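Peer 1: Sending over start-v8.cif (mmCIF, C-alpha atoms).
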```cif
data_coords
loop_
_atom_site.group_PDB
_atom_site.id
_atom_site.type_symbol
_atom_site.label_atom_id
_atom_site.label_comp_id
_atom_site.auth_asym_id
_atom_site.auth_seq_id
_atom_site.Cartn_x
_atom_site.Cartn_y
_atom_site.Cartn_z
ATOM 1 C CA MET A 65 173.019 99.082 80.489
ATOM 2 C CA SER A 66 175.187 96.241 79.312
ATOM 3 C CA PHE A 67 174.178 92.613 79.780
ATOM 4 C CA THR A 68 176.071 89.430 79.013
ATOM 5 C CA VAL A 69 173.789 86.989 77.265
ATOM 6 C CA GLN A 70 174.979 83.434 76.866
ATOM 7 C CA ILE A 71 173.565 81.248 74.120
ATOM 8 C CA LYS A 72 174.280 77.554 74.275
ATOM 9 C CA VAL A 73 173.600 75.694 71.029
ATOM 10 C CA MET A 74 173.719 71.891 71.199
ATOM 11 C CA PRO A 75 172.935 69.098 68.725
ATOM 12 C CA LEU A 76 169.518 67.526 69.340
ATOM 13 C CA LYS A 77 169.607 64.505 71.648
ATOM 14 C CA ASP A 78 168.271 62.144 68.990
ATOM 15 C CA LEU A 79 170.933 63.029 66.443
ATOM 16 C CA LEU A 80 174.343 61.448 66.120
ATOM 17 C CA ASP A 81 177.182 63.728 67.152
ATOM 18 C CA PRO A 82 180.259 62.417 65.290
ATOM 19 C CA GLN A 83 182.510 65.128 66.756
ATOM 20 C CA GLY A 84 181.477 64.072 70.239
ATOM 21 C CA LYS A 85 182.088 60.419 69.422
ATOM 22 C CA ALA A 86 185.591 61.285 68.174
ATOM 23 C CA VAL A 87 186.364 63.201 71.370
ATOM 24 C CA MET A 88 185.103 60.278 73.441
ATOM 25 C CA GLY A 89 187.552 58.011 71.595
ATOM 26 C CA GLY A 90 190.346 60.514 72.209
ATOM 27 C CA LEU A 91 189.597 60.671 75.931
ATOM 28 C CA LYS A 92 189.643 56.865 76.146
ATOM 29 C CA ASN A 93 193.032 56.800 74.397
ATOM 30 C CA LEU A 94 194.326 59.290 76.969
ATOM 31 C CA GLY A 95 193.327 56.878 79.698
ATOM 32 C CA LEU A 96 190.431 58.962 80.997
ATOM 33 C CA ASN A 97 187.857 56.450 82.075
ATOM 34 C CA GLY A 98 184.351 57.032 83.262
ATOM 35 C CA VAL A 99 183.288 59.217 80.332
ATOM 36 C CA GLU A 100 180.028 57.754 79.061
ATOM 37 C CA ASP A 101 178.900 60.331 76.566
ATOM 38 C CA VAL A 102 180.229 63.477 74.911
ATOM 39 C CA ARG A 103 178.210 66.051 73.035
ATOM 40 C CA ILE A 104 179.764 69.102 71.449
ATOM 41 C CA GLY A 105 178.034 72.324 70.609
ATOM 42 C CA LYS A 106 178.641 76.044 70.462
ATOM 43 C CA ASN A 107 178.688 78.663 73.124
ATOM 44 C CA ILE A 108 178.082 82.255 72.092
ATOM 45 C CA ASP A 109 178.552 85.157 74.501
ATOM 46 C CA LEU A 110 176.851 88.372 73.447
ATOM 47 C CA ARG A 111 177.331 91.721 75.117
ATOM 48 C CA ILE A 112 174.016 93.473 74.638
ATOM 49 C CA ASN A 113 173.115 97.038 75.416
ATOM 50 C CA ALA A 114 169.484 97.123 76.568
ATOM 51 C CA SER A 115 167.419 98.913 79.159
ATOM 52 C CA THR A 116 166.201 95.809 80.997
ATOM 53 C CA GLU A 117 167.330 92.228 81.462
ATOM 54 C CA ASP A 118 164.164 91.043 79.716
ATOM 55 C CA GLU A 119 164.914 93.131 76.658
ATOM 56 C CA ALA A 120 168.464 91.753 76.525
ATOM 57 C CA LYS A 121 167.153 88.209 76.756
ATOM 58 C CA GLN A 122 164.655 88.882 73.991
ATOM 59 C CA ILE A 123 167.400 90.171 71.687
ATOM 60 C CA GLY A 124 169.434 87.069 72.509
ATOM 61 C CA GLU A 125 166.482 84.783 71.707
ATOM 62 C CA GLU A 126 165.978 86.544 68.393
ATOM 63 C CA ALA A 127 169.674 86.229 67.526
ATOM 64 C CA ALA A 128 169.579 82.507 68.302
ATOM 65 C CA ARG A 129 166.397 81.914 66.300
ATOM 66 C CA LYS A 130 167.323 83.969 63.268
ATOM 67 C CA LEU A 131 171.024 83.295 62.923
ATOM 68 C CA LEU A 132 172.822 81.152 65.469
ATOM 69 C CA ALA A 133 170.859 77.924 65.796
ATOM 70 C CA ASN A 134 169.455 75.575 63.195
ATOM 71 C CA PRO A 135 166.201 74.269 64.716
ATOM 72 C CA VAL A 136 166.245 71.165 62.502
ATOM 73 C CA MET A 137 169.415 69.900 64.164
ATOM 74 C CA GLU A 138 170.002 71.972 67.261
ATOM 75 C CA ILE A 139 168.433 73.238 70.434
ATOM 76 C CA TYR A 140 169.421 76.463 72.119
ATOM 77 C CA GLU A 141 169.272 77.915 75.581
ATOM 78 C CA VAL A 142 169.547 81.620 76.355
ATOM 79 C CA THR A 143 170.635 82.896 79.766
ATOM 80 C CA VAL A 144 171.398 86.420 80.943
ATOM 81 C CA HIS A 145 174.206 87.088 83.418
ATOM 82 C CA MET B 254 176.734 57.718 89.784
ATOM 83 C CA SER B 255 176.364 59.738 86.640
ATOM 84 C CA PHE B 256 177.217 63.436 86.532
ATOM 85 C CA THR B 257 176.835 65.958 83.742
ATOM 86 C CA VAL B 258 179.978 68.017 83.425
ATOM 87 C CA GLN B 259 179.863 71.092 81.246
ATOM 88 C CA ILE B 260 183.067 72.478 79.761
ATOM 89 C CA LYS B 261 182.933 75.909 78.218
ATOM 90 C CA VAL B 262 185.908 76.753 76.008
ATOM 91 C CA MET B 263 186.197 80.377 74.862
ATOM 92 C CA PRO B 264 188.840 82.340 72.938
ATOM 93 C CA LEU B 265 191.034 84.463 75.227
ATOM 94 C CA LYS B 266 189.757 88.008 75.751
ATOM 95 C CA ASP B 267 192.857 89.578 74.212
ATOM 96 C CA LEU B 268 192.630 87.620 70.977
ATOM 97 C CA LEU B 269 190.642 88.568 67.918
ATOM 98 C CA ASP B 270 187.623 86.374 67.323
ATOM 99 C CA PRO B 271 186.915 86.623 63.574
ATOM 100 C CA GLN B 272 183.961 84.231 63.787
ATOM 101 C CA GLY B 273 182.405 86.436 66.456
ATOM 102 C CA LYS B 274 183.012 89.542 64.355
ATOM 103 C CA ALA B 275 181.294 87.877 61.389
ATOM 104 C CA VAL B 276 178.276 86.970 63.508
ATOM 105 C CA MET B 277 178.102 90.523 64.821
ATOM 106 C CA GLY B 278 177.956 91.771 61.234
ATOM 107 C CA GLY B 279 175.232 89.245 60.459
ATOM 108 C CA LEU B 280 173.153 90.342 63.448
ATOM 109 C CA LYS B 281 173.458 93.996 62.376
ATOM 110 C CA ASN B 282 172.283 93.065 58.883
ATOM 111 C CA LEU B 283 169.262 91.342 60.416
ATOM 112 C CA GLY B 284 168.373 94.596 62.134
ATOM 113 C CA LEU B 285 169.251 93.415 65.635
ATOM 114 C CA ASN B 286 170.657 96.443 67.347
ATOM 115 C CA GLY B 287 172.259 96.737 70.731
ATOM 116 C CA VAL B 288 174.742 93.906 70.246
ATOM 117 C CA GLU B 289 178.135 95.298 71.219
ATOM 118 C CA ASP B 290 180.327 92.251 71.178
ATOM 119 C CA VAL B 291 180.121 88.605 70.156
ATOM 120 C CA ARG B 292 182.515 85.851 71.132
ATOM 121 C CA ILE B 293 182.110 82.295 69.960
ATOM 122 C CA GLY B 294 183.500 79.217 71.609
ATOM 123 C CA LYS B 295 182.677 75.601 72.243
ATOM 124 C CA ASN B 296 180.465 73.939 74.756
ATOM 125 C CA ILE B 297 181.143 70.321 75.615
ATOM 126 C CA ASP B 298 178.761 68.273 77.751
ATOM 127 C CA LEU B 299 180.276 65.133 79.241
ATOM 128 C CA ARG B 300 178.341 62.434 81.023
ATOM 129 C CA ILE B 301 180.787 61.064 83.551
ATOM 130 C CA ASN B 302 180.419 58.057 85.789
ATOM 131 C CA ALA B 303 182.179 58.800 89.081
ATOM 132 C CA SER B 304 181.632 58.173 92.757
ATOM 133 C CA THR B 305 181.617 61.836 93.841
ATOM 134 C CA GLU B 306 180.953 65.198 92.264
ATOM 135 C CA ASP B 307 184.561 66.199 92.951
ATOM 136 C CA GLU B 308 185.884 63.182 91.106
ATOM 137 C CA ALA B 309 183.633 63.977 88.114
ATOM 138 C CA LYS B 310 184.874 67.574 88.089
ATOM 139 C CA GLN B 311 188.469 66.407 88.227
ATOM 140 C CA ILE B 312 187.957 64.125 85.219
ATOM 141 C CA GLY B 313 186.353 67.040 83.388
ATOM 142 C CA GLU B 314 189.304 69.333 84.204
ATOM 143 C CA GLU B 315 191.734 66.727 82.956
ATOM 144 C CA ALA B 316 189.760 66.263 79.723
ATOM 145 C CA ALA B 317 189.776 70.029 79.145
ATOM 146 C CA ARG B 318 193.475 70.381 79.878
ATOM 147 C CA LYS B 319 194.668 67.397 77.886
ATOM 148 C CA LEU B 320 192.379 67.435 74.877
ATOM 149 C CA LEU B 321 189.612 69.998 74.629
ATOM 150 C CA ALA B 322 191.177 73.405 75.212
ATOM 151 C CA ASN B 323 194.300 74.991 73.776
ATOM 152 C CA PRO B 324 195.716 77.130 76.617
ATOM 153 C CA VAL B 325 197.621 79.368 74.176
ATOM 154 C CA MET B 326 194.388 80.647 72.673
ATOM 155 C CA GLU B 327 191.547 79.565 74.917
ATOM 156 C CA ILE B 328 190.286 79.556 78.454
ATOM 157 C CA TYR B 329 188.003 76.908 79.859
ATOM 158 C CA GLU B 330 185.513 76.631 82.653
ATOM 159 C CA VAL B 331 184.303 73.349 84.118
ATOM 160 C CA THR B 332 180.996 73.060 85.980
ATOM 161 C CA VAL B 333 179.190 69.998 87.307
ATOM 162 C CA HIS B 334 175.396 69.745 87.194
#
```
Rewrite the coordinates I just gave you, this time as structure tokens.
Peer 2:
Amino acid sequence: MSFTVQIKVMPLKDLLDPQGKAVMGGLKNLGLNGVEDVRIGKNIDLRINASTEDEAKQIGEEAARKLLANPVMEIYEVTVH
Amino acid sequence: MSFTVQIKVMPLKDLLDPQGKAVMGGLKNLGLNGVEDVRIGKNIDLRINASTEDEAKQIGEEAARKLLANPVMEIYEVTVH
């Protein structure tokens, strides 16, 4: 069976996010008010062939830990759809 | 009131995603089987000060349309938490 596993990788809260700061400046210049904070990360959608949802999630977790996220600077979140 | 608006920006389904292909190769090399497809995009979390959830979502949509997503190559999805 095929599952869609979504991995969201974001910079840690305590770290500066210069890309996010730049986007916040851009939004202000466009006249979009009310934006207080911007943080930019990655979103990875995996299509995984597994027999159960749990197995798919486990493969996704392993992919995030071993390749997709850098635990020194990023947190990740794995969800199965 | 403060809302967290999440904008997910992904490459269009019909376009090649070379970054995703590279990650798929990397996962195979790590011995992670069962991964059939990988697509990589951006995830942007905005903290927006607005009076209603609808207003926050509207600001998020405008940010995506005007600055964050390129409609020629990407689709976006805005959700409010």
Peer 1: For Leu110 of chain A, please output as a list in words all residues within 7 Å (counting only C-alpha atoms; exclusion window: fewer than 5 positions along the same chain).
Peer 2: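 In the requested format, the answer is Thr68, Val69 and Gln70 of chain A; Val288, Asp290, Val291 and Arg292 of chain B.
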Peer 1: Decode the PyMOL selection byres ((chain A) within 10 of (chain B)) for the given file into explicit residues and return them as a ChimeraX atom specification.
Peer 2: /A:66-74,84,87-88,90-91,94,96-115,120,123-124,126-128,130-132
Peer 1: Can you show chain A as an mmCIF file with C-alpha atoms, in the frame of the given file once it has been least-squares superposed onto chain B, using every C-alpha atom paired in order?
Peer 2:
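Done, and the output landed in part_27.cif:
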```cif
data_model
loop_
_atom_site.group_PDB
_atom_site.id
_atom_site.type_symbol
_atom_site.label_atom_id
_atom_site.label_comp_id
_atom_site.auth_asym_id
_atom_site.auth_seq_id
_atom_site.Cartn_x
_atom_site.Cartn_y
_atom_site.Cartn_z
ATOM 1 C CA MET A 65 176.710 57.715 89.786
ATOM 2 C CA SER A 66 176.363 59.747 86.638
ATOM 3 C CA PHE A 67 177.224 63.441 86.523
ATOM 4 C CA THR A 68 176.831 65.957 83.727
ATOM 5 C CA VAL A 69 179.977 68.014 83.423
ATOM 6 C CA GLN A 70 179.875 71.086 81.240
ATOM 7 C CA ILE A 71 183.067 72.481 79.763
ATOM 8 C CA LYS A 72 182.934 75.917 78.227
ATOM 9 C CA VAL A 73 185.912 76.756 76.016
ATOM 10 C CA MET A 74 186.204 80.376 74.870
ATOM 11 C CA PRO A 75 188.840 82.346 72.945
ATOM 12 C CA LEU A 76 191.035 84.461 75.233
ATOM 13 C CA LYS A 77 189.761 88.008 75.738
ATOM 14 C CA ASP A 78 192.860 89.586 74.210
ATOM 15 C CA LEU A 79 192.631 87.620 70.979
ATOM 16 C CA LEU A 80 190.649 88.566 67.912
ATOM 17 C CA ASP A 81 187.627 86.367 67.314
ATOM 18 C CA PRO A 82 186.914 86.628 63.562
ATOM 19 C CA GLN A 83 183.951 84.233 63.788
ATOM 20 C CA GLY A 84 182.399 86.438 66.442
ATOM 21 C CA LYS A 85 183.010 89.548 64.359
ATOM 22 C CA ALA A 86 181.286 87.891 61.382
ATOM 23 C CA VAL A 87 178.270 86.972 63.513
ATOM 24 C CA MET A 88 178.103 90.530 64.832
ATOM 25 C CA GLY A 89 177.948 91.777 61.231
ATOM 26 C CA GLY A 90 175.219 89.245 60.462
ATOM 27 C CA LEU A 91 173.143 90.344 63.449
ATOM 28 C CA LYS A 92 173.456 93.990 62.381
ATOM 29 C CA ASN A 93 172.282 93.071 58.871
ATOM 30 C CA LEU A 94 169.256 91.351 60.411
ATOM 31 C CA GLY A 95 168.380 94.596 62.133
ATOM 32 C CA LEU A 96 169.255 93.410 65.633
ATOM 33 C CA ASN A 97 170.654 96.444 67.346
ATOM 34 C CA GLY A 98 172.234 96.718 70.732
ATOM 35 C CA VAL A 99 174.737 93.893 70.242
ATOM 36 C CA GLU A 100 178.117 95.303 71.229
ATOM 37 C CA ASP A 101 180.313 92.251 71.188
ATOM 38 C CA VAL A 102 180.114 88.603 70.161
ATOM 39 C CA ARG A 103 182.511 85.861 71.139
ATOM 40 C CA ILE A 104 182.117 82.295 69.971
ATOM 41 C CA GLY A 105 183.505 79.225 71.622
ATOM 42 C CA LYS A 106 182.694 75.595 72.254
ATOM 43 C CA ASN A 107 180.471 73.943 74.759
ATOM 44 C CA ILE A 108 181.150 70.319 75.618
ATOM 45 C CA ASP A 109 178.766 68.267 77.753
ATOM 46 C CA LEU A 110 180.284 65.134 79.242
ATOM 47 C CA ARG A 111 178.349 62.432 81.028
ATOM 48 C CA ILE A 112 180.799 61.064 83.561
ATOM 49 C CA ASN A 113 180.432 58.062 85.793
ATOM 50 C CA ALA A 114 182.189 58.810 89.090
ATOM 51 C CA SER A 115 181.617 58.192 92.760
ATOM 52 C CA THR A 116 181.606 61.842 93.842
ATOM 53 C CA GLU A 117 180.950 65.213 92.254
ATOM 54 C CA ASP A 118 184.556 66.202 92.954
ATOM 55 C CA GLU A 119 185.879 63.194 91.091
ATOM 56 C CA ALA A 120 183.639 63.989 88.113
ATOM 57 C CA LYS A 121 184.867 67.570 88.079
ATOM 58 C CA GLN A 122 188.467 66.407 88.226
ATOM 59 C CA ILE A 123 187.958 64.124 85.220
ATOM 60 C CA GLY A 124 186.352 67.037 83.384
ATOM 61 C CA GLU A 125 189.295 69.327 84.208
ATOM 62 C CA GLU A 126 191.724 66.710 82.949
ATOM 63 C CA ALA A 127 189.753 66.258 79.720
ATOM 64 C CA ALA A 128 189.765 70.017 79.141
ATOM 65 C CA ARG A 129 193.484 70.372 79.868
ATOM 66 C CA LYS A 130 194.668 67.379 77.890
ATOM 67 C CA LEU A 131 192.377 67.426 74.886
ATOM 68 C CA LEU A 132 189.615 69.998 74.630
ATOM 69 C CA ALA A 133 191.196 73.395 75.209
ATOM 70 C CA ASN A 134 194.302 74.988 73.770
ATOM 71 C CA PRO A 135 195.717 77.111 76.615
ATOM 72 C CA VAL A 136 197.628 79.347 74.188
ATOM 73 C CA MET A 137 194.395 80.640 72.675
ATOM 74 C CA GLU A 138 191.559 79.567 74.919
ATOM 75 C CA ILE A 139 190.300 79.558 78.461
ATOM 76 C CA TYR A 140 188.011 76.911 79.865
ATOM 77 C CA GLU A 141 185.522 76.631 82.666
ATOM 78 C CA VAL A 142 184.308 73.343 84.121
ATOM 79 C CA THR A 143 181.003 73.053 85.975
ATOM 80 C CA VAL A 144 179.187 69.996 87.298
ATOM 81 C CA HIS A 145 175.395 69.766 87.161
#
```
Peer 1: Please, what distance in Å, to one decimal, runs between atom CA of Val144 of chain A and atom CA of Val325 of chain B?
Peer 2: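 Separating atom CA of Val144 of chain A from atom CA of Val325 of chain B is a distance of 28.0 Å.
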Peer 1: Between atom CA of Pro264 of chain B and atom CA of Ile328 of chain B, what is the distance, to one decimal in Å?
Peer 2: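 Between atom CA of Pro264 of chain B and atom CA of Ile328 of chain B the gap works out to 6.3 Å.
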Peer 1: Kindly give the distance, in Å, that separates atom CA of Lys77 of chain A and atom CA of Gln311 of chain B, rounded to a single decimal.
Peer 2: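 Atom CA of Lys77 of chain A sits 25.2 Å away from atom CA of Gln311 of chain B.
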